[in-house]
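Text of the file start.tsv, holding TSV, C-alpha atoms:
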chain	number	residue	atom	x	y	z
Y	117	MET	CA	95.11	128.02	115.67
Y	118	ASP	CA	94.54	130.76	113.10
Y	119	THR	CA	92.05	129.98	110.36
Y	120	GLN	CA	94.04	132.24	108.04
Y	121	LEU	CA	97.57	131.81	106.76
Y	122	GLU	CA	99.79	134.23	104.89
Y	123	VAL	CA	102.20	132.36	102.66
Y	124	ALA	CA	104.34	133.51	99.74
Y	125	GLY	CA	102.45	136.81	99.59
Y	126	ASP	CA	99.00	135.21	99.47
Y	127	GLN	CA	96.36	135.11	102.13
Y	128	LEU	CA	94.66	131.71	102.58
Y	129	VAL	CA	91.42	131.19	104.46
Y	130	ALA	CA	90.30	127.82	105.84
Y	131	TRP	CA	86.76	126.70	105.01
Y	132	TYR	CA	85.03	123.37	105.52
Y	133	GLN	CA	82.13	121.34	104.26
Y	134	ARG	CA	80.39	118.83	106.50
Y	135	TYR	CA	79.44	115.33	105.31
Y	136	GLU	CA	76.02	113.77	105.73
Y	137	THR	CA	76.72	110.42	107.38
Y	138	PRO	CA	74.89	107.85	109.52
Y	139	SER	CA	77.74	108.13	112.02
Y	140	LEU	CA	77.22	110.47	114.99
Y	141	ARG	CA	80.71	111.86	114.51
Y	142	PHE	CA	81.01	115.27	112.80
Y	143	THR	CA	83.11	114.65	109.67
Y	144	GLY	CA	83.85	116.67	106.58
Y	145	GLU	CA	86.50	118.12	104.31
Y	146	LEU	CA	88.87	120.99	105.08
Y	147	LEU	CA	88.86	123.47	102.18
Y	148	THR	CA	91.27	126.30	101.42
Y	149	ARG	CA	90.33	129.51	99.67
Y	150	PRO	CA	93.23	131.59	98.40
Y	151	ASP	CA	92.79	135.33	98.37
Y	152	SER	CA	94.03	135.55	94.79
Y	153	LEU	CA	92.55	135.71	91.33
Y	154	LEU	CA	93.31	132.04	90.86
Y	155	GLY	CA	90.77	129.40	91.88
Y	156	PRO	CA	91.94	126.92	94.55
Y	157	GLU	CA	92.85	124.21	92.02
Y	158	GLU	CA	94.92	126.54	89.86
Y	159	TYR	CA	96.50	128.09	92.95
Y	160	PHE	CA	97.69	124.72	94.27
Y	161	ASN	CA	98.83	123.56	90.82
Y	162	ARG	CA	101.10	126.61	90.64
Y	163	SER	CA	102.35	126.51	94.23
Y	164	LYS	CA	105.88	125.43	95.01
Y	165	ILE	CA	106.37	122.29	97.09
Y	166	ALA	CA	107.78	124.31	100.01
Y	167	VAL	CA	104.60	126.39	100.08
Y	168	LEU	CA	102.41	123.28	99.90
Y	169	PHE	CA	104.24	121.86	102.91
Y	170	GLU	CA	103.77	125.07	104.84
Y	171	ILE	CA	100.05	124.84	104.09
Y	172	LEU	CA	100.03	121.18	105.17
Y	173	GLU	CA	101.55	122.04	108.56
Y	174	TRP	CA	98.88	124.72	109.01
Y	175	HIS	CA	96.15	122.22	108.03
Y	176	LEU	CA	97.49	119.57	110.41
Y	177	GLY	CA	97.39	122.09	113.26
Y	178	LEU	CA	93.80	123.05	112.45
Y	179	VAL	CA	92.62	119.47	112.10
Y	180	ALA	CA	94.31	118.47	115.39
Y	181	GLU	CA	92.58	121.31	117.26
Y	182	LEU	CA	89.22	120.43	115.70
Y	183	HIS	CA	89.65	116.77	116.65
Y	184	HIS	CA	90.78	117.31	120.22
Y	185	ASP	CA	88.76	120.36	121.21
Y	186	HIS	CA	85.63	120.16	119.07
Y	187	GLU	CA	85.16	116.45	118.19
Y	188	VAL	CA	85.26	117.30	114.49
Y	189	ASP	CA	87.25	115.28	111.93
Y	190	LEU	CA	88.08	116.99	108.64
Y	191	SER	CA	90.03	115.39	105.79
Y	192	ILE	CA	93.02	117.20	104.28
Y	193	ASN	CA	93.71	117.55	100.55
Y	194	ILE	CA	97.22	116.64	99.47
Y	195	HIS	CA	98.50	117.92	96.15
Y	196	ASN	CA	99.98	114.93	94.32
Y	197	SER	CA	103.18	116.86	93.58
Y	198	MET	CA	103.98	116.65	97.32
Y	199	VAL	CA	104.51	112.89	97.10
Y	200	ASP	CA	106.24	112.75	93.73
Y	201	ALA	CA	109.84	112.79	94.97
Y	202	GLU	CA	111.14	110.38	97.60
Y	203	ILE	CA	112.50	113.16	99.77
Y	204	ASP	CA	109.09	114.85	99.84
Y	205	ARG	CA	107.28	111.58	100.55
Y	206	ASP	CA	109.59	111.02	103.52
Y	207	ARG	CA	108.93	114.54	104.75
Y	208	PHE	CA	105.18	114.06	104.31
Y	209	LEU	CA	105.24	110.80	106.31
Y	210	GLU	CA	107.43	112.35	108.98
Y	211	LEU	CA	104.96	115.23	109.39
Y	212	ILE	CA	101.82	113.12	109.52
Y	213	GLY	CA	103.56	110.60	111.80
Y	214	ARG	CA	103.55	113.24	114.54
Y	215	GLU	CA	99.75	113.33	114.64
Y	216	ASP	CA	98.23	111.35	117.51
Y	217	HIS	CA	94.75	111.05	116.00
Y	218	PRO	CA	93.53	109.54	112.72
Y	219	VAL	CA	93.45	111.88	109.71
Y	220	THR	CA	92.17	111.19	106.18
Y	221	PHE	CA	94.37	112.48	103.35
Y	222	GLU	CA	92.77	113.04	99.96
Y	223	PHE	CA	94.68	112.55	96.70
Y	224	THR	CA	93.05	113.45	93.42
Y	225	GLU	CA	92.58	111.29	90.39
Y	226	THR	CA	92.83	114.27	88.05
Y	227	CYS	CA	96.61	114.76	88.66
Y	228	PRO	CA	99.30	112.07	88.18
Y	229	MET	CA	100.31	109.95	91.19
Y	230	PRO	CA	103.66	108.13	91.44
Y	231	PRO	CA	103.82	104.61	89.90
Y	232	VAL	CA	101.68	101.94	91.51
Y	233	ASP	CA	104.42	100.23	93.56
Y	234	ILE	CA	105.61	103.51	95.06
Y	235	SER	CA	102.09	104.78	95.66
Y	236	ASN	CA	100.86	101.60	97.33
Y	237	ARG	CA	103.88	101.66	99.63
Y	238	LEU	CA	103.02	105.28	100.49
Y	239	LEU	CA	99.37	104.42	101.12
Y	240	ARG	CA	100.45	101.50	103.31
Y	241	SER	CA	102.75	103.79	105.30
Y	242	ILE	CA	99.88	106.23	105.80
Y	243	ARG	CA	97.77	103.36	107.15
Y	244	GLU	CA	100.57	102.11	109.40
Y	245	LEU	CA	100.76	105.59	110.95
Y	246	GLY	CA	97.08	105.23	111.87
Y	247	HIS	CA	95.70	107.45	109.11
Y	248	ARG	CA	93.60	106.84	105.99
Y	249	SER	CA	93.96	107.69	102.32
Y	250	SER	CA	91.19	108.81	100.03
Y	251	LEU	CA	90.87	108.97	96.25
Y	252	ASP	CA	89.21	112.28	95.33
Y	253	ASP	CA	87.11	112.91	92.21
Y	254	PHE	CA	86.77	109.26	91.18
Y	255	GLY	CA	85.15	109.18	87.75
Y	256	ALA	CA	85.90	112.83	86.88
Y	257	GLY	CA	86.59	113.20	83.17
Y	258	PHE	CA	87.05	109.46	82.68
Y	259	ASN	CA	89.96	108.89	80.33
Y	260	GLY	CA	90.27	105.11	80.41
Y	261	ILE	CA	92.85	105.22	83.17
Y	262	SER	CA	91.73	105.09	86.76
Y	263	LEU	CA	93.85	104.81	89.86
Y	264	LEU	CA	91.11	102.80	91.49
Y	265	ALA	CA	91.95	99.49	89.84
Y	266	ASP	CA	95.52	99.39	91.12
Y	267	TYR	CA	95.91	101.88	93.96
Y	268	ASP	CA	94.90	100.81	97.44
Y	269	PHE	CA	92.96	103.79	98.79
Y	270	ASP	CA	90.84	103.32	101.92
Y	271	VAL	CA	88.12	105.77	100.87
Y	272	VAL	CA	86.74	106.58	97.41
Y	273	LYS	CA	85.15	109.97	96.79
Y	274	ILE	CA	82.76	109.68	93.88
Y	275	ASP	CA	82.80	112.66	91.58
Y	276	ARG	CA	79.68	114.74	91.06
Y	277	SER	CA	79.85	114.19	87.28
Y	278	LEU	CA	78.58	110.63	87.84
Y	279	LEU	CA	75.31	112.04	89.16
Y	280	THR	CA	74.43	113.95	85.96
Y	281	ASP	CA	70.89	113.03	84.79
Y	282	ILE	CA	70.84	110.05	87.12
Y	283	GLU	CA	67.17	110.69	87.99
Y	284	THR	CA	66.05	109.95	84.43
Y	285	GLN	CA	68.43	107.12	83.54
Y	286	PRO	CA	67.71	103.73	85.14
Y	287	GLN	CA	70.87	102.24	83.61
Y	288	LYS	CA	73.00	104.76	85.49
Y	289	GLN	CA	71.16	104.00	88.70
Y	290	GLN	CA	71.87	100.32	88.16
Y	291	ALA	CA	75.55	101.04	87.53
Y	292	MET	CA	75.73	103.18	90.68
Y	293	ARG	CA	74.18	100.28	92.64
Y	294	LEU	CA	76.88	97.95	91.30
Y	295	LEU	CA	79.55	100.52	92.18
Y	296	ALA	CA	78.26	100.76	95.76
Y	297	ARG	CA	78.25	96.98	96.13
Y	298	THR	CA	81.68	96.59	94.58
Y	299	LEU	CA	83.17	99.16	96.95
Y	300	ASP	CA	81.53	97.35	99.84
Y	301	VAL	CA	82.84	93.93	98.81
Y	302	LEU	CA	86.34	95.38	98.45
Y	303	GLY	CA	86.08	96.93	101.92
Y	304	LYS	CA	86.37	100.54	100.71
Y	305	SER	CA	84.56	103.44	102.38
Y	306	HIS	CA	82.97	106.13	100.21
Y	307	VAL	CA	81.75	109.70	100.02
Y	308	VAL	CA	79.46	110.78	97.16
Y	309	GLU	CA	80.27	114.36	96.18
Y	310	GLY	CA	77.97	117.00	94.79
Y	311	VAL	CA	74.58	115.81	96.07
Y	312	GLU	CA	72.30	118.77	95.52
Y	313	ASN	CA	68.71	117.56	95.57
Y	314	GLU	CA	66.57	115.13	97.51
Y	315	ALA	CA	65.57	113.01	94.51
Y	316	VAL	CA	69.23	112.21	93.78
Y	317	HIS	CA	69.87	111.61	97.47
Y	318	GLN	CA	67.06	109.03	97.59
Y	319	ILE	CA	68.36	107.25	94.48
Y	320	LEU	CA	71.84	107.05	96.05
Y	321	LEU	CA	70.48	105.78	99.36
Y	322	GLU	CA	68.57	103.06	97.50
Y	323	ALA	CA	71.74	102.24	95.56
Y	324	GLY	CA	73.51	101.56	98.85
Y	325	PHE	CA	75.49	104.75	99.48
Y	326	SER	CA	75.40	106.33	102.91
Y	327	VAL	CA	77.95	109.17	103.10
Y	328	PHE	CA	77.33	112.34	101.11
Y	329	GLN	CA	78.81	115.77	100.52
Y	330	GLY	CA	76.84	118.51	98.81
Y	331	TYR	CA	74.73	121.62	98.98
Y	332	LEU	CA	71.64	119.60	99.90
Y	333	PHE	CA	73.21	119.02	103.32
Y	334	HIS	CA	75.78	121.72	103.88
Y	335	ARG	CA	77.29	124.57	101.92
Y	336	PRO	CA	80.99	125.28	102.52
Y	337	GLU	CA	81.55	127.78	105.30
Y	338	PRO	CA	84.55	129.57	106.77
Y	339	LEU	CA	86.11	127.42	109.48
Y	340	LEU	CA	86.23	130.44	111.79
Y	341	GLY	CA	82.47	130.18	112.36
Y	342	LEU	CA	82.71	126.53	113.45
Y	343	ILE	CA	85.61	127.14	115.81
Y	344	SER	CA	84.21	130.31	117.37
Y	345	ASN	CA	80.74	128.74	117.83
Y	346	ALA	CA	82.31	125.77	119.52
Y	347	ARG	CA	84.54	128.02	121.63
Y	348	GLU	CA	81.47	129.95	122.78
Y	349	GLU	CA	79.65	126.72	123.64
Y	350	VAL	CA	82.61	125.45	125.60
Y	351	GLY	CA	83.10	128.85	127.28
U	1238	MET	CA	122.19	82.73	98.97
U	1239	ALA	CA	121.59	81.25	95.51
U	1240	PHE	CA	118.08	80.11	94.61
U	1241	PRO	CA	116.57	78.63	91.46
U	1242	LYS	CA	114.34	80.65	89.13
U	1243	SER	CA	111.90	79.40	86.55
U	1244	PRO	CA	112.45	80.62	82.96
U	1245	ASP	CA	109.30	82.78	83.22
U	1246	ASP	CA	110.46	84.57	86.39
U	1247	ALA	CA	110.73	88.05	84.84
U	1248	GLU	CA	107.29	87.76	83.23
U	1249	ARG	CA	105.88	86.28	86.45
U	1250	ILE	CA	107.15	89.30	88.42
U	1251	SER	CA	105.72	91.70	85.89
U	1252	VAL	CA	102.29	90.01	86.18
U	1253	LEU	CA	102.51	90.12	89.98
U	1254	GLN	CA	103.47	93.79	90.00
U	1255	SER	CA	100.67	94.67	87.59
U	1256	LEU	CA	98.01	93.27	89.93
U	1257	GLY	CA	98.16	96.17	92.40
U	1258	LEU	CA	98.32	93.62	95.21
U	1259	LEU	CA	101.81	94.20	96.63
U	1260	ASP	CA	101.94	96.52	99.66
U	1261	THR	CA	98.16	96.69	99.93
U	1262	ALA	CA	96.20	96.61	103.18
U	1263	ALA	CA	95.61	93.55	105.32
U	1264	ASP	CA	92.45	91.80	104.17
U	1265	ASP	CA	90.11	89.64	106.28
U	1266	ASN	CA	89.48	87.29	103.36
U	1267	PHE	CA	93.13	86.23	103.24
U	1268	ASP	CA	93.57	86.42	107.01
U	1269	ARG	CA	90.72	83.93	107.49
U	1270	ILE	CA	92.55	81.43	105.29
U	1271	THR	CA	95.87	81.74	107.15
U	1272	HIS	CA	93.90	81.51	110.41
U	1273	LEU	CA	92.31	78.28	109.18
U	1274	CYS	CA	95.74	76.96	108.16
U	1275	ARG	CA	97.15	77.42	111.65
U	1276	ASN	CA	94.19	75.65	113.22
U	1277	ILE	CA	93.86	72.80	110.75
U	1278	PHE	CA	97.56	71.98	110.47
U	1279	ASP	CA	98.61	72.98	113.98
U	1280	VAL	CA	101.50	75.16	112.85
U	1281	GLN	CA	102.79	78.32	114.50
U	1282	ILE	CA	102.95	80.44	111.34
U	1283	ALA	CA	100.83	80.61	108.18
U	1284	THR	CA	101.32	83.05	105.31
U	1285	VAL	CA	100.07	84.12	101.91
U	1286	SER	CA	103.47	84.90	100.45
U	1287	LEU	CA	103.99	86.71	97.13
U	1288	VAL	CA	107.43	86.35	95.56
U	1289	ASP	CA	108.53	89.72	94.19
U	1290	GLU	CA	111.80	90.46	92.39
U	1291	GLN	CA	113.93	91.03	95.50
U	1292	ARG	CA	111.63	90.04	98.35
U	1293	GLN	CA	108.76	87.88	99.45
U	1294	TRP	CA	105.90	90.04	100.67
U	1295	PHE	CA	103.12	88.68	102.87
U	1296	LYS	CA	99.58	89.59	101.87
U	1297	SER	CA	98.63	87.75	105.05
U	1298	ILE	CA	100.81	86.49	107.87
U	1299	GLN	CA	99.88	85.04	111.23
U	1300	GLY	CA	102.21	83.97	113.98
U	1301	LEU	CA	105.10	86.24	113.02
U	1302	ASP	CA	105.36	90.03	113.02
U	1303	VAL	CA	107.04	90.85	109.71
U	1304	CYS	CA	105.63	92.03	106.38
U	1305	GLU	CA	108.40	90.83	104.07
U	1306	THR	CA	111.77	89.06	103.89
U	1307	ASP	CA	114.60	89.06	101.36
U	1308	ARG	CA	113.83	86.82	98.44
U	1309	ASP	CA	117.10	84.91	98.68
U	1310	VAL	CA	116.09	83.26	101.98
U	1311	ALA	CA	112.53	82.44	100.88
U	1312	PHE	CA	111.54	78.76	100.89
U	1313	CYS	CA	108.80	79.81	98.46
U	1314	ASN	CA	111.41	80.17	95.70
U	1315	TYR	CA	111.27	76.37	95.51
U	1316	THR	CA	107.50	76.13	95.82
U	1317	ILE	CA	106.90	78.34	92.79
U	1318	LEU	CA	108.99	76.07	90.54
U	1319	SER	CA	106.12	73.60	90.10
U	1320	ASP	CA	102.39	73.19	90.71
U	1321	ASP	CA	103.03	70.63	93.46
U	1322	ILE	CA	103.10	71.21	97.19
U	1323	PHE	CA	106.69	71.71	98.35
U	1324	GLU	CA	107.47	70.40	101.81
U	1325	VAL	CA	110.49	70.38	104.15
U	1326	PRO	CA	109.72	68.24	107.25
U	1327	ASP	CA	112.85	69.31	109.17
U	1328	ALA	CA	114.95	72.13	107.73
U	1329	THR	CA	117.81	71.58	110.18
U	1330	VAL	CA	118.63	68.22	108.56
U	1331	ASP	CA	117.83	69.27	104.99
U	1332	THR	CA	121.06	69.99	103.08
U	1333	GLN	CA	119.29	72.65	100.99
U	1334	PHE	CA	118.02	74.65	103.98
U	1335	SER	CA	120.10	73.80	107.07
U	1336	ALA	CA	122.31	76.88	106.50
U	1337	ASN	CA	119.36	79.20	105.61
U	1338	ALA	CA	119.29	82.38	107.72
U	1339	LEU	CA	115.63	81.79	108.65
U	1340	VAL	CA	116.64	78.33	109.95
U	1341	THR	CA	119.87	79.21	111.77
U	1342	GLY	CA	118.40	82.50	113.08
U	1343	ALA	CA	114.97	83.94	113.91
U	1344	PRO	CA	112.29	82.72	113.40
U	1345	PHE	CA	114.24	79.36	113.48
U	1346	ILE	CA	112.11	77.58	110.89
U	1347	ARG	CA	112.15	73.80	111.05
U	1348	TYR	CA	109.01	72.86	109.14
U	1349	TYR	CA	107.76	74.32	105.87
U	1350	ALA	CA	104.99	73.35	103.45
U	1351	GLY	CA	103.84	75.58	100.58
U	1352	ALA	CA	101.14	75.25	97.92
U	1353	PRO	CA	101.73	77.53	94.91
U	1354	ILE	CA	99.30	80.37	94.19
U	1355	ARG	CA	98.71	80.65	90.45
U	1356	PHE	CA	97.40	83.46	88.30
U	1357	ASP	CA	97.22	83.53	84.49
U	1358	GLY	CA	99.65	80.63	84.18
U	1359	HIS	CA	102.24	82.08	86.57
U	1360	ARG	CA	103.01	81.10	90.16
U	1361	LEU	CA	102.89	84.33	92.13
U	1362	GLY	CA	103.75	82.86	95.50
U	1363	ALA	CA	102.47	80.30	97.97
U	1364	LEU	CA	100.13	79.55	100.81
U	1365	CYS	CA	102.63	78.48	103.48
U	1366	LEU	CA	102.62	76.48	106.68
U	1367	ILE	CA	105.66	77.14	108.88
U	1368	ASP	CA	106.68	75.86	112.29
U	1369	VAL	CA	109.60	76.01	114.70
U	1370	LYS	CA	109.36	72.29	115.33
U	1371	PRO	CA	109.61	69.50	112.74
U	1372	HIS	CA	106.46	67.86	111.40
U	1373	LYS	CA	105.67	64.54	109.77
U	1374	PRO	CA	105.08	64.96	106.03
U	1375	LEU	CA	101.45	65.82	105.14
U	1376	ASP	CA	99.32	62.81	104.24
U	1377	GLU	CA	97.17	62.71	101.09
U	1378	LYS	CA	94.11	64.13	102.81
U	1379	GLN	CA	96.07	67.01	104.35
U	1380	ARG	CA	97.70	67.79	101.02
U	1381	SER	CA	94.29	67.97	99.43
U	1382	VAL	CA	93.03	70.37	102.14
U	1383	LEU	CA	96.07	72.63	101.70
U	1384	ARG	CA	95.58	72.64	97.93
U	1385	ASP	CA	91.88	73.53	98.33
U	1386	LEU	CA	92.79	76.45	100.59
U	1387	ALA	CA	95.38	77.66	98.08
U	1388	ASP	CA	92.70	77.43	95.37
U	1389	ILE	CA	90.50	79.71	97.50
U	1390	VAL	CA	93.38	82.21	97.74
U	1391	GLU	CA	93.78	82.09	93.95
U	1392	ARG	CA	90.10	82.72	93.44
U	1393	GLU	CA	90.06	85.59	95.95
U	1394	ILE	CA	92.92	87.28	94.06
U	1395	LYS	CA	91.10	86.82	90.74
U	1396	VAL	CA	87.73	88.04	91.98
U	1397	GLN	CA	89.18	91.09	93.72
U	1398	ARG	CA	91.16	91.98	90.61
U	1399	LEU	CA	88.02	91.68	88.48
U	1400	LEU	CA	86.03	93.89	90.85
U	1401	ARG	CA	88.75	96.53	90.96
U	1402	GLU	CA	89.04	96.58	87.18
U	1403	SER	CA	85.29	96.85	86.78
U	1404	MET	CA	84.86	99.99	88.88
U	1405	PRO	CA	86.40	102.43	86.37
U	1406	LEU	CA	84.26	100.81	83.64
U	1407	LEU	CA	81.15	101.33	85.73
U	1408	ALA	CA	82.19	104.97	86.10
U	1409	ALA	CA	82.52	105.17	82.32
U	1410	ILE	CA	78.97	103.88	81.89
U	1411	ILE	CA	77.64	106.40	84.38
U	1412	GLN	CA	79.54	109.36	82.88
U	1413	PRO	CA	77.50	111.79	80.80
U	1414	GLU	CA	78.13	111.35	77.06

Taking this structure as input, can you express it in the form of structure tokens?
Amino acid sequence: MDTQLEVAGDQLVAWYQRYETPSLRFTGELLTRPDSLLGPEEYFNRSKIAVLFEILEWHLGLVAELHHDHEVDLSINIHNSMVDAEIDRDRFLELIGREDHPVTFEFTETCPMPPVDISNRLLRSIRELGHRSSLDDFGAGFNGISLLADYDFDVVKIDRSLLTDIETQPQKQQAMRLLARTLDVLGKSHVVEGVENEAVHQILLEAGFSVFQGYLFHRPEPLLGLISNAREEVG
Amino acid sequence: MAFPKSPDDAERISVLQSLGLLDTAADDNFDRITHLCRNIFDVQIATVSLVDEQRQWFKSIQGLDVCETDRDVAFCNYTILSDDIFEVPDATVDTQFSANALVTGAPFIRYYAGAPIRFDGHRLGALCLIDVKPHKPLDEKQRSVLRDLADIVEREIKVQRLLRESMPLLAAIIQPE
């Protein structure tokens, strides 16, 4: 599978970032860098649904190869616009239903999702197909509305903004501890994003978190390196 | 099939739909209770049934492989009319239910008992005991056990709702000013 894709005149390159986790399994997030002046977020916000689906098929192919040939599991970001209309939701479910291994799909809190009844049905369908759903950027730019209270995600990715000044503020550490316990009681998995120094890592470990993403552990890298290293090892 | 509705049915449905509970994942805490129900009352099927506008959806179901049924065949429509346990010892000889599609066809229900599950003054659904053979009516002690188990379901719904609502507020506390 090619780690680059040309779509609608743009060149996209697959990157990844590995998670720090107590599990022995290699897990992380699949990232996409467009070869355009736009940052990834802006690029995906402006992309047409047809393009987003083409990218999804490419991602699914990459993630399947990584799972089967390299024992690596990367989550895939889904732009919320891809599940807005019923016809697109059906197409999305049809595509991911073909996968024979579990995949985690990340939806962001910073873009609107369909209403709660429709979304929870979608998240249930994802689960019934053997996959998992993840809420990305939980806590980013808190505006009084959070999908977390009503939407039944399996995994919660805690936004880096919640870690600001946490070393010096015991009240924030206490709140993070409560958050970790609440997620645990509700049976939700987690990933804490943006962990960049050991002091913060220790505070989060003591608070009860165990899965992390951030520069302290791994900086994003082109996926090509991972696949070619593994190919060499296998060869 | 016609079924009765309480005057607060529309408001009841709106409360149910606002809880973010419908269509959510299976949950061990509810499954343990339906598991207990089957063992204690020796019935084939036990459910935590939530009565939505057009369907009853099972937050937990044991002994039958479905996740929902049409509302118009739901025995729970009768259970949610009052705070009492609603019981049908043999549906095949009960004029109200003998023609019900769940009685004349699969899963061929003969026995039903349901204790309403309440939330904020509304009855969202019921903790149900169902069997394909008739049962003697529950005695006082059994009724009290079923009610206690339904109370545990009610509390589980409340506590989970509270925890889910509190997470965004915790995030707000942690956010930089």

| request: Output as a ChimeraX atom specification the set of chain U residues within 8 Å of chain Y, with distances taken over only C-alpha atoms. | output: /U:1254-1262,1397-1398,1400-1405,1407-1413

| task | For each of U:Ala1239, U:Leu1375, U:Ile1270, U:Leu1253, take the minimum atom-to-atom distance to Asn1314 in chain U, counting all atoms listed in the file, then give the residue where this is smallest. | result |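 Closest to Asn1314 in chain U of all the choices is U:Ala1239.
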
| message | Can you tell me which residues surround Gly330 in chain Y at a distance of at most 10 Å, considering only C-alpha atoms, apart from same-chain residues fewer than 6 positions away, and format the answer as a PyMOL selection string? | response | chain Y and resi 133-136+276+308-313+317+336

| task | Record the distance separating CA of Gly125 in chain Y and CA of Ile165 in chain Y, expressed in Å with one decimal. | result | 15.2 Å

| task | Point out the residue among Y:Arg205, Y:Arg335, Y:Leu128, Y:Ile194 with the least atom-to-atom distance to Gly155 in chain Y, counting all atoms listed in the file. | result |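 Going through Y:Arg205, Y:Arg335, Y:Leu128, Y:Ile194 one by one, the smallest distance to Gly155 in chain Y is for Y:Leu128.
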
| Interatomic distance (Å, one decimal) between CA of Phe1345 in chain U and CA of Val1288 in chain U | 20.4 Å

| task | Quick one: everything within 7 Å of Leu190 in chain Y, counting all atoms listed in the file, minus sequence neighbours fewer than 2 positions away in the same chain. Send it as a list in words. | result |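 Close residues of Leu190 in chain Y: Thr143, Gly144, Glu145, Leu146, Val179, Val188 and Ile192 of chain Y.
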
For those residues, write C-alpha atoms to a file as a PDB file, in the frame of the given file.
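Generated output (part-v7.pdb):
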ATOM      1  CA  THR Y 143      83.110 114.650 109.670  1.00  0.00           C
ATOM      2  CA  GLY Y 144      83.850 116.670 106.580  1.00  0.00           C
ATOM      3  CA  GLU Y 145      86.500 118.120 104.310  1.00  0.00           C
ATOM      4  CA  LEU Y 146      88.870 120.990 105.080  1.00  0.00           C
ATOM      5  CA  VAL Y 179      92.620 119.470 112.100  1.00  0.00           C
ATOM      6  CA  VAL Y 188      85.260 117.300 114.490  1.00  0.00           C
ATOM      7  CA  ILE Y 192      93.020 117.200 104.280  1.00  0.00           C
TER       8      ILE Y 192
END

| said: Measuring between all atoms listed in the file, which one of U:Phe1267, U:Phe1334, U:Phe1240, U:Tyr1349 shows the shortest distance to Phe1295 in chain U? | reply: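 Result for the nearest residue to Phe1295 in chain U: U:Phe1267.
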
| request: Excluding Thr1306 in chain U and any residue of its chain fewer than 2 positions from it, enumerate the residues within 7 Å of it, using all atoms listed in the file, and give them as a ChimeraX atom specification. | output: /U:1292-1294,1308

Kindly compute an axis-aligned box around the listed atoms of range 1245-1257 of chain U, allowing 4 Å on each side, and express its centre and edge lengths in Å to one decimal as lines of an AutoDock Vina configuration file.
center_x = 104.4
center_y = 89.5
center_z = 87.8
size_x = 20.7
size_y = 21.4
size_z = 17.2

| said: Please list as a ChimeraX atom specification every residue within 8 Å of Pro150 in chain Y, counting all atoms listed in the file and excluding residues in the same chain fewer than 6 positions away. | reply: /Y:126-129,156,159

| Computed interatomic separation between CA of Phe1356 in chain U and CA of Gln1379 in chain U (Å) |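 Result for CA of Phe1356 in chain U versus CA of Gln1379 in chain U: 23.0 Å, one decimal.
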
| Residue nearest Pro1241 in chain U among U:Ile1346, U:Leu1383, U:Val1340, U:Val1310 (counting all atoms listed in the file) |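 Of all the options, U:Val1310 lies closest to Pro1241 in chain U.
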
| field | Counting all atoms listed in the file, the residue of Y:Val167, Y:Met117, Y:Ile242, Y:Ile203 that sits nearest Ala180 in chain Y | value |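 Using all atoms listed in the file, the shortest distance to Ala180 in chain Y belongs to Y:Met117.
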
| Out of U:Lys1242, U:Leu1366, U:Ser1335, U:Asp1265, which residue has the shortest atom-to-atom distance to Asp1309 in chain U when counting only C-alpha atoms? |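 Nearest candidate to Asp1309 in chain U out of U:Lys1242, U:Leu1366, U:Ser1335, U:Asp1265: U:Lys1242.
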